[in-house]
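Here the structure comes first, spelled out in structure tokens, and everything after it is commentary.
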Amino acid sequence: MEAGVLLTGIFVFAARIVDVSMGTLRTIMAVQGRMLITFCLGFVEVIIWILVVGTVVSQIKESPALILFYALGFACGNACGIFVEAKLALGNVALKVISAKEGTALADKLRATGQPVTVFPGMGMQGPVEQLFMVCRRRDVSRLLTIVKNADPNAMVITEMVRDVNRVLHPVIGVPLTSVPPDTKEN
């Protein structure tokens, strides 16, 4: 393979990783209703895509190997986009915890970290339960689940993506809720 074709192939591969990753993020941002970010990502994504497609199409007869670089870039871009989105963990999650024995104590532990929690009484198959409800940032979920599992390994946990919420009270890790400034307290 010629050096020029190899360099073009590497460009195509890298550019496809970038534009497909941006497309993955753009789709997720659109679902979350983030219009400005979606607009900007889509704009840049299409510019990159047009440059790459133009390069491949203009050289496809002389360098059919560019098709492989294009396809590999697309495949890797999907994986990279998913990886980047998972690391960014943008958005909010409704976290529901159903506990048969430790509900109130668990709510107190979560509140001690600054996480607002609402507790509802309920009736499970085998008797009374408490349902803890909270909305948190996706990036806080693993920390909260660790607290839940340590306090009540038998708790049932449900997570749901939240598209819209009028406000999310962000916990101040290690600071009791009473120490959080008044504008971030739950009313």
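By convention in this document, the chains of the structure tokens carry letters A, B, ... by their order, each chain's residues are numbered from 1, and ligands are numbered from 1 in the order they are shown.
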Checklist entry - Which neighbours of Ile48 (chain A) fall inside 9 Å, counting only C-alpha atoms, when residues of the same chain fewer than 4 positions from it are skipped, and could you give them as a ChimeraX atom specification? => result /A:15-16,18-19,43-44,52-53
Checklist entry - Can you list, as a PyMOL selection string, every protein, DNA or RNA residue that comes within 10 Å of Met29 (chain A) when you count only C-alpha atoms, leaving out same-chain residues fewer than 6 positions away? => result chain A and resi 23+35-39+41+85+90-91
Export of prior selection with all heavy atoms as a PDB file, in the first residue's frame:
ATOM      1  N   GLY A  23     -21.875  11.914  16.511  1.00  0.00           N
ATOM      2  CA  GLY A  23     -23.248  11.541  16.186  1.00  0.00           C
ATOM      3  C   GLY A  23     -23.917  10.796  17.329  1.00  0.00           C
ATOM      4  O   GLY A  23     -25.100  11.017  17.628  1.00  0.00           O
ATOM      5  N   MET A  35     -30.883  21.240  23.084  1.00  0.00           N
ATOM      6  CA  MET A  35     -30.951  21.694  21.705  1.00  0.00           C
ATOM      7  C   MET A  35     -29.672  22.381  21.223  1.00  0.00           C
ATOM      8  O   MET A  35     -29.201  22.098  20.120  1.00  0.00           O
ATOM      9  CB  MET A  35     -32.134  22.647  21.518  1.00  0.00           C
ATOM     10  CG  MET A  35     -32.377  22.997  20.082  1.00  0.00           C
ATOM     11  SD  MET A  35     -33.885  23.919  19.712  1.00  0.00           S
ATOM     12  CE  MET A  35     -34.314  24.741  21.184  1.00  0.00           C
ATOM     13  N   LEU A  36     -29.074  23.252  21.997  1.00  0.00           N
ATOM     14  CA  LEU A  36     -27.892  23.982  21.542  1.00  0.00           C
ATOM     15  C   LEU A  36     -26.712  23.041  21.327  1.00  0.00           C
ATOM     16  O   LEU A  36     -26.021  23.118  20.297  1.00  0.00           O
ATOM     17  CB  LEU A  36     -27.519  25.086  22.544  1.00  0.00           C
ATOM     18  CG  LEU A  36     -26.319  25.940  22.140  1.00  0.00           C
ATOM     19  CD1 LEU A  36     -26.572  26.645  20.816  1.00  0.00           C
ATOM     20  CD2 LEU A  36     -25.992  26.948  23.228  1.00  0.00           C
ATOM     21  N   ILE A  37     -26.481  22.136  22.262  1.00  0.00           N
ATOM     22  CA  ILE A  37     -25.393  21.172  22.109  1.00  0.00           C
ATOM     23  C   ILE A  37     -25.654  20.269  20.903  1.00  0.00           C
ATOM     24  O   ILE A  37     -24.748  19.988  20.118  1.00  0.00           O
ATOM     25  CB  ILE A  37     -25.207  20.331  23.392  1.00  0.00           C
ATOM     26  CG1 ILE A  37     -24.746  21.224  24.538  1.00  0.00           C
ATOM     27  CG2 ILE A  37     -24.229  19.195  23.177  1.00  0.00           C
ATOM     28  CD1 ILE A  37     -24.716  20.539  25.887  1.00  0.00           C
ATOM     29  N   THR A  38     -26.909  19.848  20.738  1.00  0.00           N
ATOM     30  CA  THR A  38     -27.278  19.003  19.604  1.00  0.00           C
ATOM     31  C   THR A  38     -27.002  19.723  18.288  1.00  0.00           C
ATOM     32  O   THR A  38     -26.442  19.143  17.349  1.00  0.00           O
ATOM     33  CB  THR A  38     -28.767  18.604  19.691  1.00  0.00           C
ATOM     34  OG1 THR A  38     -28.973  17.905  20.923  1.00  0.00           O
ATOM     35  CG2 THR A  38     -29.186  17.734  18.542  1.00  0.00           C
ATOM     36  N   PHE A  39     -27.366  20.989  18.222  1.00  0.00           N
ATOM     37  CA  PHE A  39     -27.142  21.796  17.024  1.00  0.00           C
ATOM     38  C   PHE A  39     -25.653  21.873  16.696  1.00  0.00           C
ATOM     39  O   PHE A  39     -25.235  21.613  15.563  1.00  0.00           O
ATOM     40  CB  PHE A  39     -27.710  23.207  17.231  1.00  0.00           C
ATOM     41  CG  PHE A  39     -27.394  24.163  16.124  1.00  0.00           C
ATOM     42  CD1 PHE A  39     -28.183  24.215  14.990  1.00  0.00           C
ATOM     43  CD2 PHE A  39     -26.301  25.014  16.220  1.00  0.00           C
ATOM     44  CE1 PHE A  39     -27.886  25.097  13.956  1.00  0.00           C
ATOM     45  CE2 PHE A  39     -25.991  25.889  15.192  1.00  0.00           C
ATOM     46  CZ  PHE A  39     -26.779  25.933  14.062  1.00  0.00           C
ATOM     47  N   LEU A  41     -23.064  19.995  17.759  1.00  0.00           N
ATOM     48  CA  LEU A  41     -22.494  18.690  17.415  1.00  0.00           C
ATOM     49  C   LEU A  41     -22.890  18.282  15.999  1.00  0.00           C
ATOM     50  O   LEU A  41     -22.058  17.788  15.229  1.00  0.00           O
ATOM     51  CB  LEU A  41     -22.929  17.622  18.419  1.00  0.00           C
ATOM     52  CG  LEU A  41     -22.284  17.682  19.796  1.00  0.00           C
ATOM     53  CD1 LEU A  41     -22.972  16.702  20.749  1.00  0.00           C
ATOM     54  CD2 LEU A  41     -20.800  17.399  19.730  1.00  0.00           C
ATOM     55  N   GLU A  85     -19.738   8.880  26.171  1.00  0.00           N
ATOM     56  CA  GLU A  85     -21.007   9.246  26.808  1.00  0.00           C
ATOM     57  C   GLU A  85     -21.107   8.629  28.198  1.00  0.00           C
ATOM     58  O   GLU A  85     -21.565   9.274  29.139  1.00  0.00           O
ATOM     59  CB  GLU A  85     -22.177   8.794  25.933  1.00  0.00           C
ATOM     60  CG  GLU A  85     -23.492   9.425  26.312  1.00  0.00           C
ATOM     61  CD  GLU A  85     -24.144   8.821  27.539  1.00  0.00           C
ATOM     62  OE1 GLU A  85     -23.984   7.613  27.770  1.00  0.00           O
ATOM     63  OE2 GLU A  85     -24.815   9.567  28.276  1.00  0.00           O
ATOM     64  N   LEU A  90     -23.900  12.315  31.431  1.00  0.00           N
ATOM     65  CA  LEU A  90     -24.756  13.497  31.463  1.00  0.00           C
ATOM     66  C   LEU A  90     -26.204  13.097  31.708  1.00  0.00           C
ATOM     67  O   LEU A  90     -26.620  12.004  31.357  1.00  0.00           O
ATOM     68  CB  LEU A  90     -24.650  14.248  30.140  1.00  0.00           C
ATOM     69  CG  LEU A  90     -23.262  14.775  29.800  1.00  0.00           C
ATOM     70  CD1 LEU A  90     -23.249  15.352  28.395  1.00  0.00           C
ATOM     71  CD2 LEU A  90     -22.811  15.814  30.801  1.00  0.00           C
ATOM     72  N   GLY A  91     -26.942  13.981  32.306  1.00  0.00           N
ATOM     73  CA  GLY A  91     -28.355  13.737  32.534  1.00  0.00           C
ATOM     74  C   GLY A  91     -28.655  13.354  33.969  1.00  0.00           C
ATOM     75  O   GLY A  91     -27.773  13.275  34.821  1.00  0.00           O
TER      76      GLY A  91
END
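The closest residue to Met125 (chain A), picked from A:Gly77, A:Glu62, A:Tyr70, A:Ile98 and counting only C-alpha atoms, is A:Ile98.
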Next on the checklist: Report, in Å to a single decimal, how far apart CA of Leu132 (chain A) and CA of Gln115 (chain A) are.
Outcome noted: 11.4 Å
Item to check | All helix (DSSP H, G or I) positions in chain A, as a PyMOL selection string | outcome: chain A and resi 3-31+35-59+66-88+103-112+138-151+177-179+182-184
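Using only C-alpha atoms, the protein and nucleic acid residues lying no more than 10 Å from Ala86 (chain A), apart from those fewer than 4 places from it along its own chain, are Cys80, Gly81, Ile82, Leu90, Arg138 and Arg139 of chain A.
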Contacts of Phe69 (chain A) within 8 Å, only C-alpha atoms, excl. fewer than 6 positions in-chain, as a compact mmCIF listing (two decimals) with C-alpha atoms, in the first residue's frame:
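Writing done, so here's selection_26.txt:
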# COMPACT_ATOMS: atom_id res chain seq x y z
CA GLY A 9 -6.79 5.95 5.10
CA ILE A 10 -5.59 7.00 8.55
CA VAL A 12 -10.50 8.75 7.00
CA PHE A 13 -10.34 6.31 9.92
Checklist entry - When distances are computed from only C-alpha atoms, which of A:Lys61, A:Arg26, A:Lys87, A:Lys101 shows the smallest separation from Gly124 (chain A)? => result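 When distances to Gly124 (chain A) are compared using only C-alpha atoms, the smallest one comes from A:Lys101.
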Set the distance at 12 Å and use only C-alpha atoms: which residues neighbour Val119 (chain A) once local chain neighbours fewer than 4 positions away are removed? I'd like the list as a compact mmCIF listing (two decimals) with N, CA and C atoms, in the first residue's frame.
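Below is the file that was written, selection-v8.txt:
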# COMPACT_ATOMS: atom_id res chain seq x y z
N LEU A 95 -33.99 7.49 40.95
CA LEU A 95 -33.53 6.29 41.65
C LEU A 95 -34.58 5.93 42.69
N LYS A 96 -35.12 4.72 42.56
CA LYS A 96 -36.14 4.23 43.50
C LYS A 96 -35.55 3.03 44.22
N VAL A 97 -35.64 3.04 45.53
CA VAL A 97 -35.13 1.94 46.34
C VAL A 97 -36.28 1.45 47.20
N ILE A 98 -36.55 0.15 47.14
CA ILE A 98 -37.61 -0.44 47.96
C ILE A 98 -36.94 -1.34 48.98
N SER A 99 -37.18 -1.02 50.25
CA SER A 99 -36.53 -1.72 51.34
C SER A 99 -37.57 -2.24 52.32
N GLU A 102 -34.75 -1.62 56.06
CA GLU A 102 -33.78 -0.56 56.34
C GLU A 102 -34.13 0.79 55.71
N GLY A 103 -35.37 1.01 55.29
CA GLY A 103 -35.73 2.21 54.54
C GLY A 103 -35.40 3.51 55.22
N THR A 104 -35.85 3.69 56.45
CA THR A 104 -35.64 4.95 57.15
C THR A 104 -34.15 5.16 57.45
N ALA A 105 -33.48 4.13 57.93
CA ALA A 105 -32.05 4.24 58.22
C ALA A 105 -31.27 4.53 56.94
N LEU A 106 -31.65 3.90 55.85
CA LEU A 106 -31.00 4.13 54.56
C LEU A 106 -31.22 5.56 54.09
N ALA A 107 -32.43 6.05 54.23
CA ALA A 107 -32.73 7.44 53.85
C ALA A 107 -31.86 8.40 54.67
N ASP A 108 -31.70 8.11 55.95
CA ASP A 108 -30.86 8.97 56.80
C ASP A 108 -29.40 8.95 56.33
N LEU A 110 -28.32 8.36 53.26
CA LEU A 110 -28.25 9.09 52.01
C LEU A 110 -28.33 10.60 52.25
N ARG A 111 -29.21 11.01 53.14
CA ARG A 111 -29.35 12.43 53.46
C ARG A 111 -28.07 12.97 54.11
N VAL A 129 -43.18 -2.14 53.34
CA VAL A 129 -41.90 -1.73 52.77
C VAL A 129 -41.86 -0.21 52.78
N GLU A 130 -40.67 0.31 52.56
CA GLU A 130 -40.52 1.75 52.36
C GLU A 130 -39.86 1.96 51.01
N GLN A 131 -40.42 2.91 50.25
CA GLN A 131 -39.85 3.26 48.95
C GLN A 131 -39.15 4.59 49.09
N LEU A 132 -37.88 4.60 48.75
CA LEU A 132 -37.10 5.83 48.76
C LEU A 132 -37.03 6.33 47.33
N PHE A 133 -37.30 7.61 47.14
CA PHE A 133 -37.30 8.20 45.80
C PHE A 133 -36.34 9.37 45.80
N MET A 134 -35.48 9.40 44.79
CA MET A 134 -34.57 10.53 44.64
C MET A 134 -34.26 10.75 43.17
